[in-house]
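What follows is a set of notes on a single structure, which appears directly below.
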Amino acid sequence: MTLDIRTIAPSELHEEMLRLKTERQMDFLVNLVGMDWGEEGLGVIYMLESTRTGETATLKTVTADRENPFIPTVSDLWQIANIYEREVYDFFGIKFLNHPDMRRIFLREDWVGYPLRKDDKTEEENPLRMTDEPLADTTHEYFLKEDGSVGVKENTVWGKDEYVVNVGPQHPSTHGVLHMRASLDGEIVKKVGLVLGYIHRGVEKISESMTYPQLLAMTDRLDYFSAMQNRHALCMCIEKAMGLEVSERVQYIRTIMDELQRIASHLIYYACMTMDTGALTAFFYTFREREQLMKIFEDNFGGRLIMNYNTIGGVMYDILPSFVKEVKEFEKALRNRFKEYQDIYTNNVIAKGRMVGVGTISNEDAISLGLTGPVGRASGWKNDVRKRHPYAMYDKVDFTEIVRNEGDTNARHWNRMDEMLESLNIIDQLIDNIPAGEFQAKRKPIIKLPEGCFYQAVEASRGELGVFIESKGDKTPYRVHYRSSSLPLANAMDTASRGQKFADLIAIGASMDFVIPDIDR
Amino acid sequence: MGKPKIKSIPYEEFKDNETLEQMLDELNAHGANVVVTTADKLINWGRSNSVWPMNFGTSCCAIELMAMGAARFDMARFGFEVTRTSPRQADLILVCGTITNKMAPVLRRLYDQMADPKYVIAIGGCTCTGGPFTKSYHVVKGVDKILPVDVYVPGCPPRPEAFYYGMMQLQRKMKIENFLGTVNRKEKDEHKEEAEELQKKIINQEQEA
Ligand code: SF4
């Protein structure tokens, strides 16, 4: 099941993309992967999907020039491409023509070289720098002149008389080490810019030197609130590529675990949201239930936060005999206390004042910005991977996709609340019928994937998380890329907070619920 | 000065007592002044039971720290629940989570902003050695490359109990320190003379004007 990829020359790329977007309604840019194919050159893989027809398309473009690789931008067609292309520039040095902002995004501006190129000597050229990092106020744009040569012009990001406030990188309300720069007019936010990479661990690069079973260690640590689902995605991707079937028991267990993980994540979301809007008491309420869940995790997997549970072809351990009973107890407790959460916070008039009508994102923007998960569904976009491309047991259980149309913080908040109940419903349907069977399929000790590109997405707690693997038939992957679920969410901060009060910036950020290591990878 | 005590936990149950004993020997070698040691003991008792940590959480390990603030683990029992987010109010920095090359100068600056006496605890494999990401081009292989670390708590992530153990080890260390005269003025201010000269200059200028 390799991906079917069509190659297009850079010169025709923009026209073809425009055609796909308008004629075939490919309005969702799922993923954009930078590639280094060695001799063949540098390039980009684009994955598109239509939200109307569900059709998908995958294209690639290559440029042989390694010194000055130029590819036309598609950021004018899909807003999310803006940040994806900056990522590719940062890692591969591919310059995008007509892209308004060609600055590095993860690495320091004085970084030498492009780390994901196969021939890069990153470590030698980049010792640990303890000086303050430079932050430029201007940026470059490359464009084609009429005679065919490339010109450069300077664009201003932050004007001389703009009042810019830095939030982060170490700030309690950014949920990690995000650095936001907000330009203010009095108390009103005019523009938000992101400086990322404070927790960029180079996961994609180190993955290239790891065998497939070793790769599994990385996913749990990306978005640690979706540890289970991340690893599920990677395992499924590898299993699909190998043609390995997993037993029905494993499918049941994986589905239940995914949903438990989603509940744990949304409980944390609630706690963070309340904390960020100044309601610290409510924080302790969900942590109580979460600890009950952690106890189940701990007993069954031995880990609380990072479980390392899924394996290629199954799961690490079989579930304990007490598992079913404990999950049911937890379910009962959560259902009983669900009303408490809403009484103490969600229906509180102060909380409502902070949430209703704040940080609205329109449906078109949500799609163009690639906002999957509860955030996109709050803007009326049905994007649930469990419905779009069902996997594991999701096509056999009956559940509704929670969608709201307001697009504000309140809708995002309620989406998560309702999703918790929906997850309980899914678990309800499965928990009593877990079939007998093996929990780990037999497989060879050394895993090699056939040649080709593979992609598998799951619905993680914050949206679509995809794993892209290109294999050359070896024990180690040639390239691994994660379609982060949080990066688009953080990127949408600009759209959501323009014209809002500065204090609401924090509340909007909390309602996006991004996890920074997942953004930076 | 005698051996440090932690309530309800026997001395022998702690690991790495040798380091503490070595510190004690060094301290006692110079002959201790009775008045100073008694005052020290009192001050240290207070200090070690009301540590104000600054929570420097960058990734996964920080979430376990959140769990520790909540009811089941409840860090308030030990007297270090007053987590600060400003370095100027903290006397301990809890480094939880991977430190990357881009973050390193920021962390160092925060550390420099803290008032003496200050302590560092490295929580998690990442802060101890780089953890699962040691091979990465963008990860600092252990915070001890940029900060003096007092206690290491390995684990990925460490269990809350392990964290408490680390905190208690730090408390034990604080309990046997010679506070008056040593710890409370550990660092020389490099910029002191410079600053004084500058101040004089400014005052002179103002007077002339
Ligand atoms: S030690 Fe493990 S849990 Fe802690 S930050 Fe590193 S990867 Fe995450």
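How things are named: the first chain in the structure tokens is A, the next is B, and so on; residues count from 1 in each chain; ligands count from 1 in the order shown.
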
At most 12 Å is the cut-off: for each residue in region 201-238 of chain A with any atom that close to an atom of region 87-104 of chain B, write down the nearest atom pair and the distance in Å rounded to one decimal, counting only C-alpha atoms, chain first then increasing number, as a Markdown table.
| residue | atom | partner | partner_atom | distance |
| --- | --- | --- | --- | --- |
| A:Arg201 | CA | B:Thr100 | CA | 6.7 |
| A:Gly202 | CA | B:Thr100 | CA | 9.6 |
| A:Arg221 | CA | B:Thr98 | CA | 10.4 |
| A:Leu222 | CA | B:Thr98 | CA | 11.5 |
| A:Tyr224 | CA | B:Gly97 | CA | 11.9 |

Practice item. Go through the chains and note each residue within 8 Å of ligand 1, using only C-alpha atoms and all ligand atoms, then give the set as a ChimeraX atom specification. Key: /A:221,305-306 /B:58-62,96-98,123-127,130-133,154-158

**Study point:** Shell of 10 Å around Asn82 (chain A), only C-alpha atoms, local chain residues under 6 positions omitted, as a ChimeraX atom specification
**Key:** /A:73-76,96,99-102,369,491

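When CA of Ile506 (chain A) is paired with CA of Leu260 (chain A), their separation reads 27.5 Å.
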
Exercise for review: Residues of chain A near chain B: apply a cut-off of 8 Å, count only C-alpha atoms, and supply the list as a ChimeraX atom specification.
Suggested key: /A:107-108,115,122-123,128-133,170-172,176-177,197-203,205-206,217-218,221,224,284,287-288,291,305-306,516-517

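Comparing A:Glu326, A:Glu40, A:Asp120, A:Glu470 by their smallest distance to Ile238 (chain A), the closest is A:Glu470 (using only C-alpha atoms).
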
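With distances restricted to only C-alpha atoms, B:Gln171 is the closest residue to Ile6 (chain B) from B:Gln171, B:Thr38, B:Thr19, B:Gln199.
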
Contact table region 43-75 of chain B vs region 175-178 of chain B, cut-off 8 Å, shortest pair per residue, only C-alpha atoms, as JSON lines:
{"residue": "B:Asn44", "atom": "CA", "partner": "B:Lys175", "partner_atom": "CA", "distance": 5.1}
{"residue": "B:Trp45", "atom": "CA", "partner": "B:Lys175", "partner_atom": "CA", "distance": 6.4}
{"residue": "B:Ser48", "atom": "CA", "partner": "B:Lys175", "partner_atom": "CA", "distance": 6.5}

Check your understanding: Where does DSSP see strand (DSSP E or B) in region 112-243 of chain A, if you list the residues as JSON, numbers by chain?
Key -> {"A": [138, 139, 140, 141, 142, 143, 144, 150, 151, 152, 153, 154, 155, 156, 163, 164, 165, 166, 167, 171, 176, 179, 180, 181, 182, 183, 184, 185, 188, 189, 190, 191, 192, 193, 194, 195]}

Using only N, CA and C atoms, please write the residues we just selected to a file, as a tab-separated table (two decimals), in the first residue's frame.
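Dumped to out07.tsv:
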chain	number	residue	atom	x	y	z
A	138	THR	N	13.05	41.92	9.97
A	138	THR	CA	12.74	41.91	8.54
A	138	THR	C	12.99	40.53	7.97
A	139	THR	N	12.50	40.32	6.78
A	139	THR	CA	12.64	39.01	6.18
A	139	THR	C	12.83	39.17	4.67
A	140	HIS	N	13.10	38.03	4.01
A	140	HIS	CA	13.35	38.09	2.58
A	140	HIS	C	12.26	37.41	1.79
A	141	GLU	N	12.07	37.91	0.59
A	141	GLU	CA	11.16	37.24	-0.33
A	141	GLU	C	11.90	37.06	-1.65
A	142	TYR	N	11.85	35.85	-2.19
A	142	TYR	CA	12.49	35.59	-3.46
A	142	TYR	C	11.43	35.60	-4.55
A	143	PHE	N	11.75	36.20	-5.67
A	143	PHE	CA	10.76	36.21	-6.76
A	143	PHE	C	11.48	36.10	-8.10
A	144	LEU	N	10.73	35.68	-9.10
A	144	LEU	CA	11.30	35.53	-10.44
A	144	LEU	C	11.19	36.85	-11.18
A	150	VAL	N	16.47	35.17	-10.44
A	150	VAL	CA	15.76	35.30	-9.16
A	150	VAL	C	16.16	36.59	-8.47
A	151	GLY	N	15.18	37.35	-8.05
A	151	GLY	CA	15.45	38.58	-7.31
A	151	GLY	C	15.06	38.42	-5.85
A	152	VAL	N	15.62	39.29	-5.02
A	152	VAL	CA	15.31	39.25	-3.59
A	152	VAL	C	14.78	40.60	-3.17
A	153	LYS	N	13.75	40.61	-2.38
A	153	LYS	CA	13.34	41.89	-1.78
A	153	LYS	C	13.12	41.72	-0.29
A	154	GLU	N	13.19	42.84	0.43
A	154	GLU	CA	13.08	42.76	1.87
A	154	GLU	C	11.66	43.08	2.31
A	155	ASN	N	11.10	42.27	3.17
A	155	ASN	CA	9.78	42.54	3.73
A	155	ASN	C	9.92	42.84	5.22
A	156	THR	N	9.05	43.70	5.71
A	156	THR	CA	9.07	44.02	7.13
A	156	THR	C	8.08	43.14	7.86
A	163	TYR	N	4.41	48.19	18.67
A	163	TYR	CA	4.64	47.85	20.06
A	163	TYR	C	4.52	46.34	20.21
A	164	VAL	N	5.66	45.68	20.35
A	164	VAL	CA	5.66	44.22	20.32
A	164	VAL	C	5.92	43.66	21.73
A	165	VAL	N	5.04	42.79	22.17
A	165	VAL	CA	5.21	42.15	23.47
A	165	VAL	C	5.57	40.68	23.26
A	166	ASN	N	6.58	40.24	23.99
A	166	ASN	CA	6.98	38.84	23.88
A	166	ASN	C	6.28	38.02	24.96
A	167	VAL	N	5.65	36.93	24.54
A	167	VAL	CA	5.09	35.98	25.51
A	167	VAL	C	5.90	34.70	25.35
A	171	HIS	N	6.93	30.69	29.84
A	171	HIS	CA	5.78	31.41	30.37
A	171	HIS	C	4.76	30.36	30.80
A	176	GLY	N	4.21	25.17	27.81
A	176	GLY	CA	5.45	24.68	27.28
A	176	GLY	C	6.26	25.85	26.81
A	179	HIS	N	7.11	30.63	22.00
A	179	HIS	CA	7.43	32.05	22.05
A	179	HIS	C	6.52	32.77	21.06
A	180	MET	N	5.62	33.57	21.62
A	180	MET	CA	4.73	34.34	20.75
A	180	MET	C	5.12	35.80	20.82
A	181	ARG	N	5.13	36.45	19.68
A	181	ARG	CA	5.35	37.90	19.67
A	181	ARG	C	4.06	38.54	19.23
A	182	ALA	N	3.53	39.40	20.09
A	182	ALA	CA	2.24	40.01	19.78
A	182	ALA	C	2.43	41.50	19.62
A	183	SER	N	1.92	42.03	18.51
A	183	SER	CA	1.98	43.46	18.29
A	183	SER	C	0.67	44.05	18.79
A	184	LEU	N	0.77	45.07	19.66
A	184	LEU	CA	-0.42	45.58	20.32
A	184	LEU	C	-0.75	47.00	19.91
A	185	ASP	N	-2.04	47.27	19.96
A	185	ASP	CA	-2.51	48.65	19.82
A	185	ASP	C	-3.35	48.90	21.06
A	188	ILE	N	-5.44	45.88	22.34
A	188	ILE	CA	-5.93	45.04	21.25
A	188	ILE	C	-4.75	44.41	20.49
A	189	VAL	N	-4.87	43.14	20.22
A	189	VAL	CA	-3.81	42.44	19.49
A	189	VAL	C	-3.96	42.72	18.00
A	190	LYS	N	-2.86	43.18	17.40
A	190	LYS	CA	-2.91	43.45	15.96
A	190	LYS	C	-2.40	42.27	15.15
A	191	LYS	N	-1.41	41.60	15.70
A	191	LYS	CA	-0.76	40.53	14.94
A	191	LYS	C	0.00	39.64	15.91
A	192	VAL	N	0.05	38.36	15.61
A	192	VAL	CA	0.82	37.44	16.45
A	192	VAL	C	1.81	36.69	15.57
A	193	GLY	N	3.05	36.65	16.00
A	193	GLY	CA	4.05	35.87	15.27
A	193	GLY	C	4.62	34.79	16.17
A	194	LEU	N	5.02	33.69	15.58
A	194	LEU	CA	5.54	32.59	16.38
A	194	LEU	C	7.05	32.47	16.21
A	195	VAL	N	7.74	32.19	17.30
A	195	VAL	CA	9.13	31.77	17.23
A	195	VAL	C	9.15	30.37	17.83

Could you give me, as a PDB file with all heavy atoms, in the first residue's frame, the residues within 8 Å of region 337-350 of chain A, counting only C-alpha atoms and dropping anything in the same chain fewer than 6 positions from it?
ATOM      1  N   THR A 274      -8.808  25.996  32.742  1.00  0.00           N
ATOM      2  CA  THR A 274      -9.278  26.680  33.943  1.00  0.00           C
ATOM      3  C   THR A 274      -8.144  27.444  34.604  1.00  0.00           C
ATOM      4  O   THR A 274      -8.319  28.564  35.056  1.00  0.00           O
ATOM      5  CB  THR A 274      -9.839  25.667  34.956  1.00  0.00           C
ATOM      6  OG1 THR A 274      -8.840  24.707  35.243  1.00  0.00           O
ATOM      7  CG2 THR A 274     -11.067  24.982  34.419  1.00  0.00           C
ATOM      8  N   ALA A 279      -9.091  30.071  37.170  1.00  0.00           N
ATOM      9  CA  ALA A 279      -9.970  29.295  38.054  1.00  0.00           C
ATOM     10  C   ALA A 279      -9.221  28.073  38.551  1.00  0.00           C
ATOM     11  O   ALA A 279      -9.469  26.958  38.109  1.00  0.00           O
ATOM     12  CB  ALA A 279     -11.233  28.891  37.305  1.00  0.00           C
ATOM     13  N   ALA A 282     -10.853  24.532  39.846  1.00  0.00           N
ATOM     14  CA  ALA A 282     -11.370  23.526  38.917  1.00  0.00           C
ATOM     15  C   ALA A 282     -10.269  22.583  38.442  1.00  0.00           C
ATOM     16  O   ALA A 282     -10.534  21.430  38.116  1.00  0.00           O
ATOM     17  CB  ALA A 282     -12.016  24.220  37.724  1.00  0.00           C
ATOM     18  N   TYR A 285     -10.189  19.281  40.128  1.00  0.00           N
ATOM     19  CA  TYR A 285     -11.306  18.360  39.881  1.00  0.00           C
ATOM     20  C   TYR A 285     -10.952  17.325  38.835  1.00  0.00           C
ATOM     21  O   TYR A 285     -11.134  16.144  39.033  1.00  0.00           O
ATOM     22  CB  TYR A 285     -12.550  19.140  39.428  1.00  0.00           C
ATOM     23  CG  TYR A 285     -13.318  19.742  40.564  1.00  0.00           C
ATOM     24  CD1 TYR A 285     -12.747  20.716  41.360  1.00  0.00           C
ATOM     25  CD2 TYR A 285     -14.614  19.330  40.852  1.00  0.00           C
ATOM     26  CE1 TYR A 285     -13.438  21.272  42.409  1.00  0.00           C
ATOM     27  CE2 TYR A 285     -15.317  19.886  41.905  1.00  0.00           C
ATOM     28  CZ  TYR A 285     -14.723  20.863  42.671  1.00  0.00           C
ATOM     29  OH  TYR A 285     -15.400  21.406  43.704  1.00  0.00           O
ATOM     30  N   THR A 286     -10.439  17.800  37.684  1.00  0.00           N
ATOM     31  CA  THR A 286     -10.174  16.818  36.638  1.00  0.00           C
ATOM     32  C   THR A 286      -8.933  16.007  36.945  1.00  0.00           C
ATOM     33  O   THR A 286      -8.819  14.878  36.509  1.00  0.00           O
ATOM     34  CB  THR A 286     -10.005  17.479  35.264  1.00  0.00           C
ATOM     35  OG1 THR A 286      -9.140  18.577  35.395  1.00  0.00           O
ATOM     36  CG2 THR A 286     -11.330  17.903  34.708  1.00  0.00           C
TER      37      THR A 286
END

Check your understanding: When you draw a straight line from CA of Leu198 (chain B) to CA of Tyr111 (chain B), how long is it in Å?
Key -> 25.3 Å

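Distances to Glu85 (chain A) were evaluated for A:Pro213, A:Gly34, A:Gly437, A:Gly463 using only C-alpha atoms, and the minimum falls at A:Gly34.
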
Practice item. Can you pull out every residue within 7 Å of Tyr152 (chain B), counting only C-alpha atoms, but drop anything in the same chain fewer than 5 positions away, and send it as a list in words? Key: Ile121, Ala122, Ile123 and Cys128 of chain B

Exercise for review: Find the residues near Asp27 (chain A): any atom within 10 Å, counting only C-alpha atoms, skip ones fewer than 3 places away on the same chain, and give them as a ChimeraX atom specification.
Suggested key: /A:20-22,24,30,48-52,77-78,364,367-370

Could you write out that same residue set with N, CA and C atoms as a PDB file, in the first residue's frame?
ATOM      1  N   LEU A  20      -5.965  21.914  -9.159  1.00  0.00           N
ATOM      2  CA  LEU A  20      -6.482  20.928  -8.208  1.00  0.00           C
ATOM      3  C   LEU A  20      -7.388  21.586  -7.178  1.00  0.00           C
ATOM      4  N   LYS A  21      -6.968  22.772  -6.763  1.00  0.00           N
ATOM      5  CA  LYS A  21      -7.748  23.415  -5.714  1.00  0.00           C
ATOM      6  C   LYS A  21      -9.103  23.893  -6.230  1.00  0.00           C
ATOM      7  N   THR A  22      -9.115  24.470  -7.405  1.00  0.00           N
ATOM      8  CA  THR A  22     -10.379  25.023  -7.891  1.00  0.00           C
ATOM      9  C   THR A  22     -11.237  23.960  -8.581  1.00  0.00           C
ATOM     10  N   ARG A  24     -10.845  20.467  -8.690  1.00  0.00           N
ATOM     11  CA  ARG A  24     -11.139  19.232  -7.954  1.00  0.00           C
ATOM     12  C   ARG A  24     -11.377  19.470  -6.474  1.00  0.00           C
ATOM     13  N   VAL A  30      -3.077  18.423   3.519  1.00  0.00           N
ATOM     14  CA  VAL A  30      -2.900  17.562   4.688  1.00  0.00           C
ATOM     15  C   VAL A  30      -1.479  17.654   5.217  1.00  0.00           C
ATOM     16  N   LEU A  48      -2.810  16.220  -0.612  1.00  0.00           N
ATOM     17  CA  LEU A  48      -4.024  17.037  -0.645  1.00  0.00           C
ATOM     18  C   LEU A  48      -5.254  16.180  -0.422  1.00  0.00           C
ATOM     19  N   GLU A  49      -6.291  16.822   0.065  1.00  0.00           N
ATOM     20  CA  GLU A  49      -7.553  16.113   0.225  1.00  0.00           C
ATOM     21  C   GLU A  49      -8.691  17.093   0.010  1.00  0.00           C
ATOM     22  N   SER A  50      -9.771  16.594  -0.550  1.00  0.00           N
ATOM     23  CA  SER A  50     -10.943  17.442  -0.738  1.00  0.00           C
ATOM     24  C   SER A  50     -11.902  17.215   0.419  1.00  0.00           C
ATOM     25  N   THR A  51     -12.348  18.312   1.027  1.00  0.00           N
ATOM     26  CA  THR A  51     -13.275  18.144   2.146  1.00  0.00           C
ATOM     27  C   THR A  51     -14.689  17.861   1.650  1.00  0.00           C
ATOM     28  N   ARG A  52     -14.936  18.100   0.363  1.00  0.00           N
ATOM     29  CA  ARG A  52     -16.296  17.854  -0.165  1.00  0.00           C
ATOM     30  C   ARG A  52     -16.431  16.425  -0.659  1.00  0.00           C
ATOM     31  N   LEU A  77      -2.350  29.611  -1.807  1.00  0.00           N
ATOM     32  CA  LEU A  77      -3.529  28.763  -2.008  1.00  0.00           C
ATOM     33  C   LEU A  77      -4.042  28.192  -0.689  1.00  0.00           C
ATOM     34  N   TRP A  78      -3.100  27.753   0.141  1.00  0.00           N
ATOM     35  CA  TRP A  78      -3.476  27.227   1.459  1.00  0.00           C
ATOM     36  C   TRP A  78      -2.679  27.995   2.495  1.00  0.00           C
ATOM     37  N   GLU A 364     -13.912  28.553   6.420  1.00  0.00           N
ATOM     38  CA  GLU A 364     -12.906  28.552   5.342  1.00  0.00           C
ATOM     39  C   GLU A 364     -11.504  28.634   5.921  1.00  0.00           C
ATOM     40  N   ILE A 367     -10.298  25.325   7.390  1.00  0.00           N
ATOM     41  CA  ILE A 367      -9.848  24.338   6.399  1.00  0.00           C
ATOM     42  C   ILE A 367      -8.518  24.764   5.797  1.00  0.00           C
ATOM     43  N   SER A 368      -8.437  26.042   5.443  1.00  0.00           N
ATOM     44  CA  SER A 368      -7.221  26.532   4.812  1.00  0.00           C
ATOM     45  C   SER A 368      -6.031  26.452   5.772  1.00  0.00           C
ATOM     46  N   LEU A 369      -6.318  26.611   7.059  1.00  0.00           N
ATOM     47  CA  LEU A 369      -5.252  26.535   8.055  1.00  0.00           C
ATOM     48  C   LEU A 369      -4.994  25.107   8.514  1.00  0.00           C
ATOM     49  N   GLY A 370      -5.758  24.175   7.982  1.00  0.00           N
ATOM     50  CA  GLY A 370      -5.537  22.767   8.329  1.00  0.00           C
ATOM     51  C   GLY A 370      -5.823  22.441   9.784  1.00  0.00           C
TER      52      GLY A 370
END

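If you count only C-alpha atoms and ignore residues fewer than 2 places along the chain from region 328-334 of chain A, what sits within 8 Å of it is Glu289, Gln292, Leu293, Val324, Lys325, Glu326, Asn336, Arg337, Phe338 and Leu424 of chain A.
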
Export, as a PDB file, in the first residue's frame, the selected residues with N, CA and C atoms.
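As a result, result17.pdb now contains:
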ATOM      1  N   GLU A 289      -9.886  12.703  38.575  1.00  0.00           N
ATOM      2  CA  GLU A 289     -10.297  11.622  37.676  1.00  0.00           C
ATOM      3  C   GLU A 289      -9.114  11.131  36.854  1.00  0.00           C
ATOM      4  N   GLN A 292      -7.156   8.543  38.577  1.00  0.00           N
ATOM      5  CA  GLN A 292      -7.808   7.238  38.539  1.00  0.00           C
ATOM      6  C   GLN A 292      -7.438   6.513  37.240  1.00  0.00           C
ATOM      7  N   LEU A 293      -7.432   7.289  36.174  1.00  0.00           N
ATOM      8  CA  LEU A 293      -7.070   6.733  34.878  1.00  0.00           C
ATOM      9  C   LEU A 293      -5.585   6.348  34.848  1.00  0.00           C
ATOM     10  N   VAL A 324     -11.167  -4.600  32.805  1.00  0.00           N
ATOM     11  CA  VAL A 324     -12.544  -4.279  32.425  1.00  0.00           C
ATOM     12  C   VAL A 324     -13.286  -3.647  33.592  1.00  0.00           C
ATOM     13  N   LYS A 325     -13.113  -4.252  34.758  1.00  0.00           N
ATOM     14  CA  LYS A 325     -13.828  -3.745  35.930  1.00  0.00           C
ATOM     15  C   LYS A 325     -13.374  -2.315  36.254  1.00  0.00           C
ATOM     16  N   GLU A 326     -12.071  -2.108  36.204  1.00  0.00           N
ATOM     17  CA  GLU A 326     -11.542  -0.788  36.564  1.00  0.00           C
ATOM     18  C   GLU A 326     -12.001   0.287  35.598  1.00  0.00           C
ATOM     19  N   ASN A 336     -20.542  10.598  36.483  1.00  0.00           N
ATOM     20  CA  ASN A 336     -21.151  11.265  37.636  1.00  0.00           C
ATOM     21  C   ASN A 336     -20.597  12.663  37.828  1.00  0.00           C
ATOM     22  N   ARG A 337     -19.304  12.796  37.581  1.00  0.00           N
ATOM     23  CA  ARG A 337     -18.675  14.076  37.910  1.00  0.00           C
ATOM     24  C   ARG A 337     -18.695  15.050  36.756  1.00  0.00           C
ATOM     25  N   PHE A 338     -19.137  14.582  35.644  1.00  0.00           N
ATOM     26  CA  PHE A 338     -19.125  15.434  34.461  1.00  0.00           C
ATOM     27  C   PHE A 338     -19.896  16.727  34.711  1.00  0.00           C
ATOM     28  N   LEU A 424     -16.511   7.725  25.908  1.00  0.00           N
ATOM     29  CA  LEU A 424     -17.065   6.745  26.841  1.00  0.00           C
ATOM     30  C   LEU A 424     -18.049   5.834  26.114  1.00  0.00           C
TER      31      LEU A 424
END
